[in-house]
$ cat work03.pdb   # PDB, N, CA and C atoms
MODEL        1
ATOM      1  N   MET A   1      11.464  -0.444  31.129
ATOM      2  CA  MET A   1      12.685  -0.172  30.408
ATOM      3  C   MET A   1      12.327   0.608  29.149
ATOM      4  N   ASN A   2      13.020   1.720  28.936
ATOM      5  CA  ASN A   2      12.784   2.528  27.752
ATOM      6  C   ASN A   2      13.664   2.010  26.625
ATOM      7  N   LEU A   3      13.038   1.345  25.659
ATOM      8  CA  LEU A   3      13.796   0.725  24.574
ATOM      9  C   LEU A   3      14.441   1.752  23.655
ATOM     10  N   ALA A   4      13.863   2.943  23.562
ATOM     11  CA  ALA A   4      14.372   3.936  22.635
ATOM     12  C   ALA A   4      15.734   4.472  23.049
ATOM     13  N   THR A   5      16.137   4.310  24.285
ATOM     14  CA  THR A   5      17.437   4.807  24.731
ATOM     15  C   THR A   5      18.565   3.819  24.453
ATOM     16  N   LEU A   6      18.247   2.629  24.043
ATOM     17  CA  LEU A   6      19.282   1.642  23.769
ATOM     18  C   LEU A   6      20.004   1.979  22.465
ATOM     19  N   PRO A   7      21.307   1.734  22.399
ATOM     20  CA  PRO A   7      22.039   2.066  21.174
ATOM     21  C   PRO A   7      21.617   1.174  20.008
ATOM     22  N   LEU A   8      21.509   1.770  18.854
ATOM     23  CA  LEU A   8      21.167   1.100  17.603
ATOM     24  C   LEU A   8      19.776   0.467  17.600
ATOM     25  N   PHE A   9      18.929   0.828  18.545
ATOM     26  CA  PHE A   9      17.593   0.235  18.606
ATOM     27  C   PHE A   9      16.786   0.557  17.351
ATOM     28  N   GLU A  10      16.862   1.805  16.901
ATOM     29  CA  GLU A  10      16.083   2.195  15.727
ATOM     30  C   GLU A  10      16.551   1.462  14.478
ATOM     31  N   ILE A  11      17.859   1.296  14.328
ATOM     32  CA  ILE A  11      18.394   0.626  13.144
ATOM     33  C   ILE A  11      17.970  -0.840  13.123
ATOM     34  N   VAL A  12      18.073  -1.506  14.256
ATOM     35  CA  VAL A  12      17.684  -2.920  14.329
ATOM     36  C   VAL A  12      16.185  -3.075  14.091
ATOM     37  N   THR A  13      15.390  -2.157  14.617
ATOM     38  CA  THR A  13      13.946  -2.220  14.433
ATOM     39  C   THR A  13      13.570  -1.977  12.972
ATOM     40  N   ILE A  14      14.246  -1.045  12.310
ATOM     41  CA  ILE A  14      13.973  -0.807  10.890
ATOM     42  C   ILE A  14      14.370  -2.020  10.063
ATOM     43  N   LEU A  15      15.485  -2.665  10.401
ATOM     44  CA  LEU A  15      15.878  -3.893   9.697
ATOM     45  C   LEU A  15      14.855  -5.004   9.911
ATOM     46  N   MET A  16      14.337  -5.134  11.131
ATOM     47  CA  MET A  16      13.299  -6.135  11.393
ATOM     48  C   MET A  16      12.023  -5.814  10.622
ATOM     49  N   LEU A  17      11.696  -4.539  10.502
ATOM     50  CA  LEU A  17      10.519  -4.138   9.737
ATOM     51  C   LEU A  17      10.701  -4.482   8.259
ATOM     52  N   ALA A  18      11.906  -4.279   7.735
ATOM     53  CA  ALA A  18      12.176  -4.641   6.340
ATOM     54  C   ALA A  18      12.110  -6.157   6.150
ATOM     55  N   LEU A  19      12.639  -6.917   7.095
ATOM     56  CA  LEU A  19      12.547  -8.374   7.013
ATOM     57  C   LEU A  19      11.100  -8.848   7.096
ATOM     58  N   THR A  20      10.310  -8.203   7.929
ATOM     59  CA  THR A  20       8.898  -8.564   8.050
ATOM     60  C   THR A  20       8.147  -8.269   6.754
ATOM     61  N   ALA A  21       8.447  -7.128   6.134
ATOM     62  CA  ALA A  21       7.818  -6.817   4.847
ATOM     63  C   ALA A  21       8.231  -7.840   3.788
ATOM     64  N   GLY A  22       9.477  -8.272   3.830
ATOM     65  CA  GLY A  22       9.929  -9.310   2.911
ATOM     66  C   GLY A  22       9.227 -10.634   3.146
ATOM     67  N   MET A  23       8.973 -10.962   4.394
ATOM     68  CA  MET A  23       8.256 -12.202   4.704
ATOM     69  C   MET A  23       6.812 -12.127   4.242
ATOM     70  N   ILE A  24       6.189 -10.972   4.389
ATOM     71  CA  ILE A  24       4.815 -10.816   3.903
ATOM     72  C   ILE A  24       4.781 -10.981   2.387
ATOM     73  N   TRP A  25       5.757 -10.399   1.693
ATOM     74  CA  TRP A  25       5.831 -10.526   0.242
ATOM     75  C   TRP A  25       6.076 -11.976  -0.167
ATOM     76  N   LEU A  26       6.954 -12.675   0.560
ATOM     77  CA  LEU A  26       7.240 -14.079   0.248
ATOM     78  C   LEU A  26       6.016 -14.956   0.476
ATOM     79  N   ARG A  27       5.299 -14.728   1.552
ATOM     80  CA  ARG A  27       4.143 -15.561   1.881
ATOM     81  C   ARG A  27       2.932 -15.266   1.013
ATOM     82  N   MET A  28       2.904 -14.098   0.373
ATOM     83  CA  MET A  28       1.809 -13.822  -0.555
ATOM     84  C   MET A  28       1.950 -14.660  -1.818
ATOM     85  N   GLY A  29       3.158 -15.133  -2.094
ATOM     86  CA  GLY A  29       3.389 -16.009  -3.236
ATOM     87  C   GLY A  29       3.036 -17.444  -2.875
ATOM     88  N   ASP A  30       3.582 -18.370  -3.612
ATOM     89  CA  ASP A  30       3.250 -19.777  -3.403
ATOM     90  C   ASP A  30       4.439 -20.555  -2.846
ATOM     91  N   HIS A  31       5.187 -19.930  -1.949
ATOM     92  CA  HIS A  31       6.365 -20.562  -1.350
ATOM     93  C   HIS A  31       5.999 -21.111   0.027
ATOM     94  N   VAL A  32       5.239 -22.171   0.064
ATOM     95  CA  VAL A  32       4.731 -22.682   1.335
ATOM     96  C   VAL A  32       5.804 -23.458   2.100
ATOM     97  N   THR A  33       6.609 -24.244   1.411
ATOM     98  CA  THR A  33       7.569 -25.103   2.097
ATOM     99  C   THR A  33       8.985 -24.525   2.067
ATOM    100  N   SER A  34       9.113 -23.221   2.001
ATOM    101  CA  SER A  34      10.420 -22.576   1.969
ATOM    102  C   SER A  34      11.057 -22.605   3.360
ATOM    103  N   ASN A  35      12.387 -22.598   3.410
ATOM    104  CA  ASN A  35      13.110 -22.554   4.678
ATOM    105  C   ASN A  35      13.350 -21.138   5.165
ATOM    106  N   ILE A  36      13.070 -20.139   4.346
ATOM    107  CA  ILE A  36      13.317 -18.753   4.710
ATOM    108  C   ILE A  36      12.506 -18.327   5.939
ATOM    109  N   PRO A  37      11.226 -18.720   6.097
ATOM    110  CA  PRO A  37      10.502 -18.335   7.305
ATOM    111  C   PRO A  37      11.133 -18.875   8.595
ATOM    112  N   LEU A  38      11.790 -20.015   8.530
ATOM    113  CA  LEU A  38      12.465 -20.525   9.728
ATOM    114  C   LEU A  38      13.639 -19.629  10.107
ATOM    115  N   GLY A  39      14.374 -19.138   9.113
ATOM    116  CA  GLY A  39      15.458 -18.194   9.382
ATOM    117  C   GLY A  39      14.936 -16.876   9.926
ATOM    118  N   TYR A  40      13.816 -16.404   9.348
ATOM    119  CA  TYR A  40      13.194 -15.184   9.863
ATOM    120  C   TYR A  40      12.727 -15.384  11.304
ATOM    121  N   MET A  41      12.195 -16.551  11.587
ATOM    122  CA  MET A  41      11.733 -16.828  12.945
ATOM    123  C   MET A  41      12.898 -16.798  13.927
ATOM    124  N   PHE A  42      14.063 -17.301  13.504
ATOM    125  CA  PHE A  42      15.250 -17.259  14.349
ATOM    126  C   PHE A  42      15.650 -15.811  14.644
ATOM    127  N   VAL A  43      15.647 -14.963  13.620
ATOM    128  CA  VAL A  43      16.000 -13.552  13.812
ATOM    129  C   VAL A  43      14.948 -12.857  14.675
ATOM    130  N   LEU A  44      13.682 -13.183  14.471
ATOM    131  CA  LEU A  44      12.612 -12.607  15.275
ATOM    132  C   LEU A  44      12.746 -13.009  16.742
ATOM    133  N   MET A  45      13.116 -14.250  16.987
ATOM    134  CA  MET A  45      13.302 -14.686  18.378
ATOM    135  C   MET A  45      14.493 -13.981  19.026
ATOM    136  N   LEU A  46      15.551 -13.725  18.264
ATOM    137  CA  LEU A  46      16.675 -12.954  18.801
ATOM    138  C   LEU A  46      16.224 -11.538  19.173
ATOM    139  N   PHE A  47      15.416 -10.914  18.322
ATOM    140  CA  PHE A  47      14.893  -9.588  18.622
ATOM    141  C   PHE A  47      13.968  -9.629  19.833
ATOM    142  N   TYR A  48      13.115 -10.641  19.883
ATOM    143  CA  TYR A  48      12.162 -10.799  20.984
ATOM    144  C   TYR A  48      12.875 -10.974  22.311
ATOM    145  N   ARG A  49      13.929 -11.782  22.323
ATOM    146  CA  ARG A  49      14.670 -12.026  23.567
ATOM    147  C   ARG A  49      15.610 -10.868  23.903
ATOM    148  N   GLY A  50      16.094 -10.169  22.874
ATOM    149  CA  GLY A  50      17.022  -9.070  23.104
ATOM    150  C   GLY A  50      16.358  -7.830  23.670
ATOM    151  N   PHE A  51      15.143  -7.553  23.238
ATOM    152  CA  PHE A  51      14.409  -6.385  23.700
ATOM    153  C   PHE A  51      13.156  -6.869  24.420
ATOM    154  N   ASP A  52      13.299  -7.137  25.680
ATOM    155  CA  ASP A  52      12.209  -7.677  26.485
ATOM    156  C   ASP A  52      11.065  -6.671  26.551
ATOM    157  N   GLY A  53       9.857  -7.134  26.295
ATOM    158  CA  GLY A  53       8.682  -6.280  26.335
ATOM    159  C   GLY A  53       8.315  -5.688  24.992
ATOM    160  N   ALA A  54       9.056  -6.031  23.930
ATOM    161  CA  ALA A  54       8.749  -5.480  22.616
ATOM    162  C   ALA A  54       7.483  -6.099  22.030
ATOM    163  N   PHE A  55       7.266  -7.381  22.286
ATOM    164  CA  PHE A  55       6.119  -8.109  21.745
ATOM    165  C   PHE A  55       5.420  -8.872  22.857
ATOM    166  N   ASN A  56       4.154  -9.185  22.605
ATOM    167  CA  ASN A  56       3.465 -10.149  23.455
ATOM    168  C   ASN A  56       3.950 -11.545  23.080
ATOM    169  N   THR A  57       3.868 -12.474  24.007
ATOM    170  CA  THR A  57       4.401 -13.813  23.775
ATOM    171  C   THR A  57       3.523 -14.628  22.837
ATOM    172  N   TRP A  58       2.217 -14.552  22.986
ATOM    173  CA  TRP A  58       1.327 -15.434  22.236
ATOM    174  C   TRP A  58       1.360 -15.235  20.730
ATOM    175  N   PRO A  59       1.368 -14.014  20.215
ATOM    176  CA  PRO A  59       1.446 -13.890  18.754
ATOM    177  C   PRO A  59       2.738 -14.459  18.174
ATOM    178  N   ILE A  60       3.834 -14.318  18.884
ATOM    179  CA  ILE A  60       5.101 -14.867  18.407
ATOM    180  C   ILE A  60       5.039 -16.396  18.420
ATOM    181  N   PHE A  61       4.485 -16.960  19.477
ATOM    182  CA  PHE A  61       4.347 -18.421  19.563
ATOM    183  C   PHE A  61       3.410 -18.946  18.472
ATOM    184  N   LEU A  62       2.292 -18.271  18.248
ATOM    185  CA  LEU A  62       1.351 -18.710  17.213
ATOM    186  C   LEU A  62       1.965 -18.584  15.819
ATOM    187  N   TYR A  63       2.781 -17.539  15.598
ATOM    188  CA  TYR A  63       3.464 -17.420  14.314
ATOM    189  C   TYR A  63       4.432 -18.586  14.117
ATOM    190  N   LEU A  64       5.143 -18.968  15.155
ATOM    191  CA  LEU A  64       6.041 -20.119  15.069
ATOM    192  C   LEU A  64       5.277 -21.387  14.722
ATOM    193  N   MET A  65       4.114 -21.580  15.315
ATOM    194  CA  MET A  65       3.309 -22.760  15.009
ATOM    195  C   MET A  65       2.845 -22.743  13.551
ATOM    196  N   CYS A  66       2.442 -21.586  13.053
ATOM    197  CA  CYS A  66       2.028 -21.490  11.645
ATOM    198  C   CYS A  66       3.187 -21.818  10.714
ATOM    199  N   VAL A  67       4.370 -21.310  11.019
ATOM    200  CA  VAL A  67       5.543 -21.586  10.182
ATOM    201  C   VAL A  67       5.851 -23.074  10.153
ATOM    202  N   VAL A  68       5.804 -23.707  11.314
ATOM    203  CA  VAL A  68       6.113 -25.138  11.383
ATOM    204  C   VAL A  68       5.051 -25.953  10.655
ATOM    205  N   PHE A  69       3.783 -25.639  10.849
ATOM    206  CA  PHE A  69       2.719 -26.385  10.177
ATOM    207  C   PHE A  69       2.804 -26.238   8.662
ATOM    208  N   LEU A  70       3.118 -25.039   8.183
ATOM    209  CA  LEU A  70       3.239 -24.855   6.745
ATOM    210  C   LEU A  70       4.503 -25.500   6.196
ATOM    211  N   ARG A  71       5.566 -25.509   6.968
ATOM    212  CA  ARG A  71       6.824 -26.112   6.505
ATOM    213  C   ARG A  71       6.703 -27.622   6.398
ATOM    214  N   VAL A  72       6.021 -28.256   7.346
ATOM    215  CA  VAL A  72       5.869 -29.706   7.338
ATOM    216  C   VAL A  72       4.932 -30.140   6.211
ATOM    217  N   ASP A  73       4.028 -29.263   5.811
ATOM    218  CA  ASP A  73       3.122 -29.513   4.688
ATOM    219  C   ASP A  73       2.191 -30.693   4.967
ATOM    220  N   LEU A  74       1.563 -30.669   6.137
ATOM    221  CA  LEU A  74       0.606 -31.705   6.502
ATOM    222  C   LEU A  74      -0.788 -31.434   5.946
ATOM    223  N   PHE A  75      -1.087 -30.174   5.739
ATOM    224  CA  PHE A  75      -2.442 -29.793   5.376
ATOM    225  C   PHE A  75      -2.492 -29.295   3.942
ATOM    226  N   SER A  76      -3.684 -29.331   3.374
ATOM    227  CA  SER A  76      -3.897 -28.777   2.046
ATOM    228  C   SER A  76      -5.308 -28.202   1.989
ATOM    229  N   GLY A  77      -5.588 -27.476   0.943
ATOM    230  CA  GLY A  77      -6.930 -26.939   0.749
ATOM    231  C   GLY A  77      -7.252 -25.803   1.698
ATOM    232  N   LEU A  78      -8.458 -25.842   2.243
ATOM    233  CA  LEU A  78      -8.962 -24.779   3.094
ATOM    234  C   LEU A  78      -8.171 -24.650   4.391
ATOM    235  N   VAL A  79      -7.712 -25.751   4.942
ATOM    236  CA  VAL A  79      -6.945 -25.699   6.193
ATOM    237  C   VAL A  79      -5.628 -24.966   5.963
ATOM    238  N   GLN A  80      -4.948 -25.281   4.854
ATOM    239  CA  GLN A  80      -3.685 -24.616   4.554
ATOM    240  C   GLN A  80      -3.906 -23.124   4.299
ATOM    241  N   LYS A  81      -4.971 -22.766   3.606
ATOM    242  CA  LYS A  81      -5.267 -21.365   3.360
ATOM    243  C   LYS A  81      -5.599 -20.632   4.656
ATOM    244  N   SER A  82      -6.272 -21.313   5.567
ATOM    245  CA  SER A  82      -6.583 -20.703   6.860
ATOM    246  C   SER A  82      -5.310 -20.458   7.671
ATOM    247  N   ILE A  83      -4.383 -21.408   7.637
ATOM    248  CA  ILE A  83      -3.119 -21.233   8.352
ATOM    249  C   ILE A  83      -2.309 -20.113   7.711
ATOM    250  N   ARG A  84      -2.315 -20.029   6.391
ATOM    251  CA  ARG A  84      -1.601 -18.946   5.706
ATOM    252  C   ARG A  84      -2.211 -17.592   6.036
ATOM    253  N   PHE A  85      -3.538 -17.529   6.125
ATOM    254  CA  PHE A  85      -4.195 -16.277   6.510
ATOM    255  C   PHE A  85      -3.819 -15.888   7.937
ATOM    256  N   ALA A  86      -3.822 -16.865   8.846
ATOM    257  CA  ALA A  86      -3.437 -16.585  10.230
ATOM    258  C   ALA A  86      -1.984 -16.112  10.292
ATOM    259  N   GLU A  87      -1.120 -16.724   9.490
ATOM    260  CA  GLU A  87       0.283 -16.318   9.485
ATOM    261  C   GLU A  87       0.438 -14.883   8.978
ATOM    262  N   LEU A  88      -0.299 -14.523   7.938
ATOM    263  CA  LEU A  88      -0.235 -13.155   7.430
ATOM    264  C   LEU A  88      -0.786 -12.161   8.445
ATOM    265  N   ALA A  89      -1.830 -12.552   9.174
ATOM    266  CA  ALA A  89      -2.369 -11.675  10.213
ATOM    267  C   ALA A  89      -1.341 -11.480  11.331
ATOM    268  N   LEU A  90      -0.637 -12.530  11.697
ATOM    269  CA  LEU A  90       0.385 -12.408  12.736
ATOM    270  C   LEU A  90       1.583 -11.604  12.248
ATOM    271  N   LEU A  91       1.940 -11.730  10.975
ATOM    272  CA  LEU A  91       2.997 -10.892  10.416
ATOM    273  C   LEU A  91       2.570  -9.423  10.393
ATOM    274  N   ALA A  92       1.294  -9.173  10.132
ATOM    275  CA  ALA A  92       0.783  -7.798  10.176
ATOM    276  C   ALA A  92       0.869  -7.248  11.599
ATOM    277  N   TYR A  93       0.566  -8.082  12.607
ATOM    278  CA  TYR A  93       0.725  -7.651  13.998
ATOM    279  C   TYR A  93       2.189  -7.318  14.293
ATOM    280  N   ILE A  94       3.102  -8.145  13.829
ATOM    281  CA  ILE A  94       4.520  -7.914  14.085
ATOM    282  C   ILE A  94       4.959  -6.600  13.440
ATOM    283  N   ALA A  95       4.526  -6.367  12.197
ATOM    284  CA  ALA A  95       4.866  -5.111  11.520
ATOM    285  C   ALA A  95       4.264  -3.917  12.247
ATOM    286  N   TRP A  96       3.010  -4.048  12.684
ATOM    287  CA  TRP A  96       2.345  -2.975  13.417
ATOM    288  C   TRP A  96       3.070  -2.674  14.721
ATOM    289  N   ARG A  97       3.498  -3.715  15.411
ATOM    290  CA  ARG A  97       4.201  -3.528  16.678
ATOM    291  C   ARG A  97       5.584  -2.915  16.460
ATOM    292  N   LEU A  98       6.262  -3.289  15.379
ATOM    293  CA  LEU A  98       7.570  -2.691  15.085
ATOM    294  C   LEU A  98       7.436  -1.204  14.774
ATOM    295  N   VAL A  99       6.396  -0.841  14.014
ATOM    296  CA  VAL A  99       6.145   0.574  13.759
ATOM    297  C   VAL A  99       5.825   1.286  15.072
ATOM    298  N   GLY A 100       5.068   0.632  15.928
ATOM    299  CA  GLY A 100       4.759   1.208  17.237
ATOM    300  C   GLY A 100       6.002   1.400  18.086
ATOM    301  N   LEU A 101       6.946   0.493  18.007
ATOM    302  CA  LEU A 101       8.196   0.643  18.751
ATOM    303  C   LEU A 101       8.996   1.833  18.216
ATOM    304  N   LEU A 102       8.991   2.014  16.906
ATOM    305  CA  LEU A 102       9.715   3.146  16.322
ATOM    306  C   LEU A 102       9.081   4.475  16.688
ATOM    307  N   LEU A 103       7.748   4.509  16.752
ATOM    308  CA  LEU A 103       7.054   5.757  17.050
ATOM    309  C   LEU A 103       6.806   5.983  18.543
ATOM    310  N   GLY A 104       7.155   4.995  19.358
ATOM    311  CA  GLY A 104       7.023   5.146  20.804
ATOM    312  C   GLY A 104       5.636   4.874  21.340
ATOM    313  N   TRP A 105       4.836   4.113  20.608
ATOM    314  CA  TRP A 105       3.503   3.772  21.093
ATOM    315  C   TRP A 105       3.620   2.788  22.251
ATOM    316  N   PRO A 106       2.755   2.884  23.232
ATOM    317  CA  PRO A 106       2.807   1.906  24.334
ATOM    318  C   PRO A 106       2.268   0.541  23.887
ATOM    319  N   ALA A 107       2.767  -0.494  24.527
ATOM    320  CA  ALA A 107       2.303  -1.861  24.219
ATOM    321  C   ALA A 107       0.919  -2.052  24.774
ATOM    322  N   LEU A 108       0.120  -2.855  24.080
ATOM    323  CA  LEU A 108      -1.248  -3.146  24.546
ATOM    324  C   LEU A 108      -1.257  -4.357  25.419
TER
ENDMDL
END
$ encode --input "work03.pdb" --output "structure tokens"
Amino acid sequence: MNLATLPLFEIVTILMLALTAGMIWLRMGDHVTSNIPLGYMFVLMLFYRGFDGAFNTWPIFLYLMCVVFLRVDLFSGLVQKSIRFAELALLAYIAWRLVGLLLGWPAL
């Protein structure tokens, strides 16, 4: 399926890219137990389900696990920093994939 032929695909993808940049900015701060990442995850899942083949399943699932683990606040210290690093890496993948969708790069 060619996603670029769908109506408003570019606008929705640019909005998702802006939301992803906002999430990266939020997570660089000290907002570990914020509810905003759960809302972003909901919007990301709508995008993921709406445009089949836009993302691989595992990075999205792992990002969801990082959000839940950080929201519950079970860990502290090095474990929490490792989860935050993994979450930022997965957000970077999401941003990279959104740019790839806009430029027409094939999925890996």
$ resolve_selection --input "work03.pdb" --expression "the PyMOL selection byres ((chain A and resi 69-71) around 8)" --output "ChimeraX atom specification"
/A:31-35,63-68,72-75,80,83-84
$ select_by_dssp --input "work03.pdb" --residues "chain A" --states "helix (DSSP H, G or I)" --output "JSON, numbers by chain"
{"A": [3, 4, 5, 9, 10, 11, 12, 13, 14, 15, 16, 17, 18, 19, 20, 21, 22, 23, 24, 25, 26, 27, 28, 36, 37, 38, 39, 40, 41, 42, 43, 44, 45, 46, 47, 48, 49, 50, 57, 58, 59, 60, 61, 62, 63, 64, 65, 66, 67, 68, 69, 70, 71, 72, 78, 79, 80, 81, 82, 83, 84, 85, 86, 87, 88, 89, 90, 91, 92, 93, 94, 95, 96, 97, 98, 99, 100, 101, 102, 103]}
$ closest_residue --input "work03.pdb" --among "A:Leu101, A:Leu26, A:Ile36, A:Leu46" --to "Phe9 of chain A" --atoms "only N, CA and C atoms"
A:Leu101
$ atom_distance --input "work03.pdb" --atom1 "atom N of Thr20 of chain A" --atom2 "atom CA of Gly100 of chain A"
14.4 Å
$ atom_distance --input "work03.pdb" --atom1 "atom CA of Met23 of chain A" --atom2 "atom C of Pro37 of chain A"
8.2 Å
$ residues_around --input "work03.pdb" --residues "Ile60 of chain A" --least-positions-apart "6" --cutoff "10 Å" --atoms "only C-alpha atoms" --output "PyMOL selection string"
chain A and resi 41+44-45+48+66+90-91+93-94
$ closest_residue --input "work03.pdb" --among "A:Tyr40, A:Trp58, A:Phe85, A:Trp105" --to "Ala21 of chain A" --atoms "only C-alpha atoms"
A:Tyr40
$ axis_aligned_box --input "work03.pdb" --around "segment 34-39 of chain A" --padding-each-side "4 Å" --output "JSON"
{"center_x": 12.3, "center_y": -20.0, "center_z": 6.0, "size_x": 14.3, "size_y": 14.3, "size_z": 16.1}
$ decode --input "work03.pdb" --residues "segment 3-66 of chain A" --atoms "C-alpha atoms" --output "mmCIF file, in the first residue's frame"
data_model
loop_
_atom_site.group_PDB
_atom_site.id
_atom_site.type_symbol
_atom_site.label_atom_id
_atom_site.label_comp_id
_atom_site.auth_asym_id
_atom_site.auth_seq_id
_atom_site.Cartn_x
_atom_site.Cartn_y
_atom_site.Cartn_z
ATOM 1 C CA LEU A 3 0.848 5.584 2.041
ATOM 2 C CA ALA A 4 1.744 8.778 0.198
ATOM 3 C CA THR A 5 -1.419 8.595 -1.926
ATOM 4 C CA LEU A 6 -3.723 8.710 1.079
ATOM 5 C CA PRO A 7 -5.420 12.059 1.726
ATOM 6 C CA LEU A 8 -3.892 14.236 4.441
ATOM 7 C CA PHE A 9 -1.121 11.692 5.058
ATOM 8 C CA GLU A 10 1.610 14.327 4.980
ATOM 9 C CA ILE A 11 -0.230 16.636 7.380
ATOM 10 C CA VAL A 12 -0.886 13.864 9.904
ATOM 11 C CA THR A 13 2.718 12.671 9.646
ATOM 12 C CA ILE A 14 4.069 16.194 10.209
ATOM 13 C CA LEU A 15 1.796 16.554 13.255
ATOM 14 C CA MET A 16 3.079 13.223 14.600
ATOM 15 C CA LEU A 17 6.648 14.394 14.012
ATOM 16 C CA ALA A 18 5.930 17.583 15.974
ATOM 17 C CA LEU A 19 4.370 15.557 18.801
ATOM 18 C CA THR A 20 7.387 13.249 18.829
ATOM 19 C CA ALA A 21 9.754 16.220 19.052
ATOM 20 C CA GLY A 22 7.662 17.524 21.941
ATOM 21 C CA MET A 23 7.905 14.173 23.699
ATOM 22 C CA ILE A 24 11.675 14.130 23.275
ATOM 23 C CA TRP A 25 11.839 17.637 24.758
ATOM 24 C CA LEU A 26 9.560 16.627 27.655
ATOM 25 C CA ARG A 27 11.547 13.480 28.434
ATOM 26 C CA MET A 28 14.851 15.347 28.412
ATOM 27 C CA GLY A 29 13.540 17.192 31.468
ATOM 28 C CA ASP A 30 12.674 15.646 34.801
ATOM 29 C CA HIS A 31 9.021 14.801 34.114
ATOM 30 C CA VAL A 32 9.192 11.068 34.758
ATOM 31 C CA THR A 33 5.701 10.468 36.154
ATOM 32 C CA SER A 34 3.811 12.742 33.748
ATOM 33 C CA ASN A 35 0.589 11.548 32.085
ATOM 34 C CA ILE A 36 1.438 13.244 28.785
ATOM 35 C CA PRO A 37 3.422 10.237 27.420
ATOM 36 C CA LEU A 38 0.337 8.047 27.875
ATOM 37 C CA GLY A 39 -1.677 10.467 25.733
ATOM 38 C CA TYR A 40 1.103 10.522 23.146
ATOM 39 C CA MET A 41 1.136 6.736 23.165
ATOM 40 C CA PHE A 42 -2.609 6.727 22.458
ATOM 41 C CA VAL A 43 -2.126 9.053 19.466
ATOM 42 C CA LEU A 44 0.845 6.986 18.279
ATOM 43 C CA MET A 45 -1.227 3.806 18.432
ATOM 44 C CA LEU A 46 -3.970 5.481 16.377
ATOM 45 C CA PHE A 47 -1.352 6.411 13.766
ATOM 46 C CA TYR A 48 0.169 2.923 13.908
ATOM 47 C CA ARG A 49 -3.195 1.224 13.399
ATOM 48 C CA GLY A 50 -4.414 3.769 10.846
ATOM 49 C CA PHE A 51 -1.435 3.456 8.518
ATOM 50 C CA ASP A 52 -0.542 -0.214 8.462
ATOM 51 C CA GLY A 53 3.130 -0.817 7.710
ATOM 52 C CA ALA A 54 4.323 2.600 8.884
ATOM 53 C CA PHE A 55 6.260 1.183 11.855
ATOM 54 C CA ASN A 56 7.663 -2.100 13.028
ATOM 55 C CA THR A 57 5.702 -3.595 15.914
ATOM 56 C CA TRP A 58 8.511 -4.196 18.403
ATOM 57 C CA PRO A 59 9.796 -0.631 18.814
ATOM 58 C CA ILE A 60 6.260 0.609 19.440
ATOM 59 C CA PHE A 61 5.651 -2.160 21.989
ATOM 60 C CA LEU A 62 8.981 -1.490 23.734
ATOM 61 C CA TYR A 63 8.200 2.239 23.859
ATOM 62 C CA LEU A 64 4.874 1.425 25.525
ATOM 63 C CA MET A 65 6.676 -0.698 28.110
ATOM 64 C CA CYS A 66 9.141 2.122 28.844
#
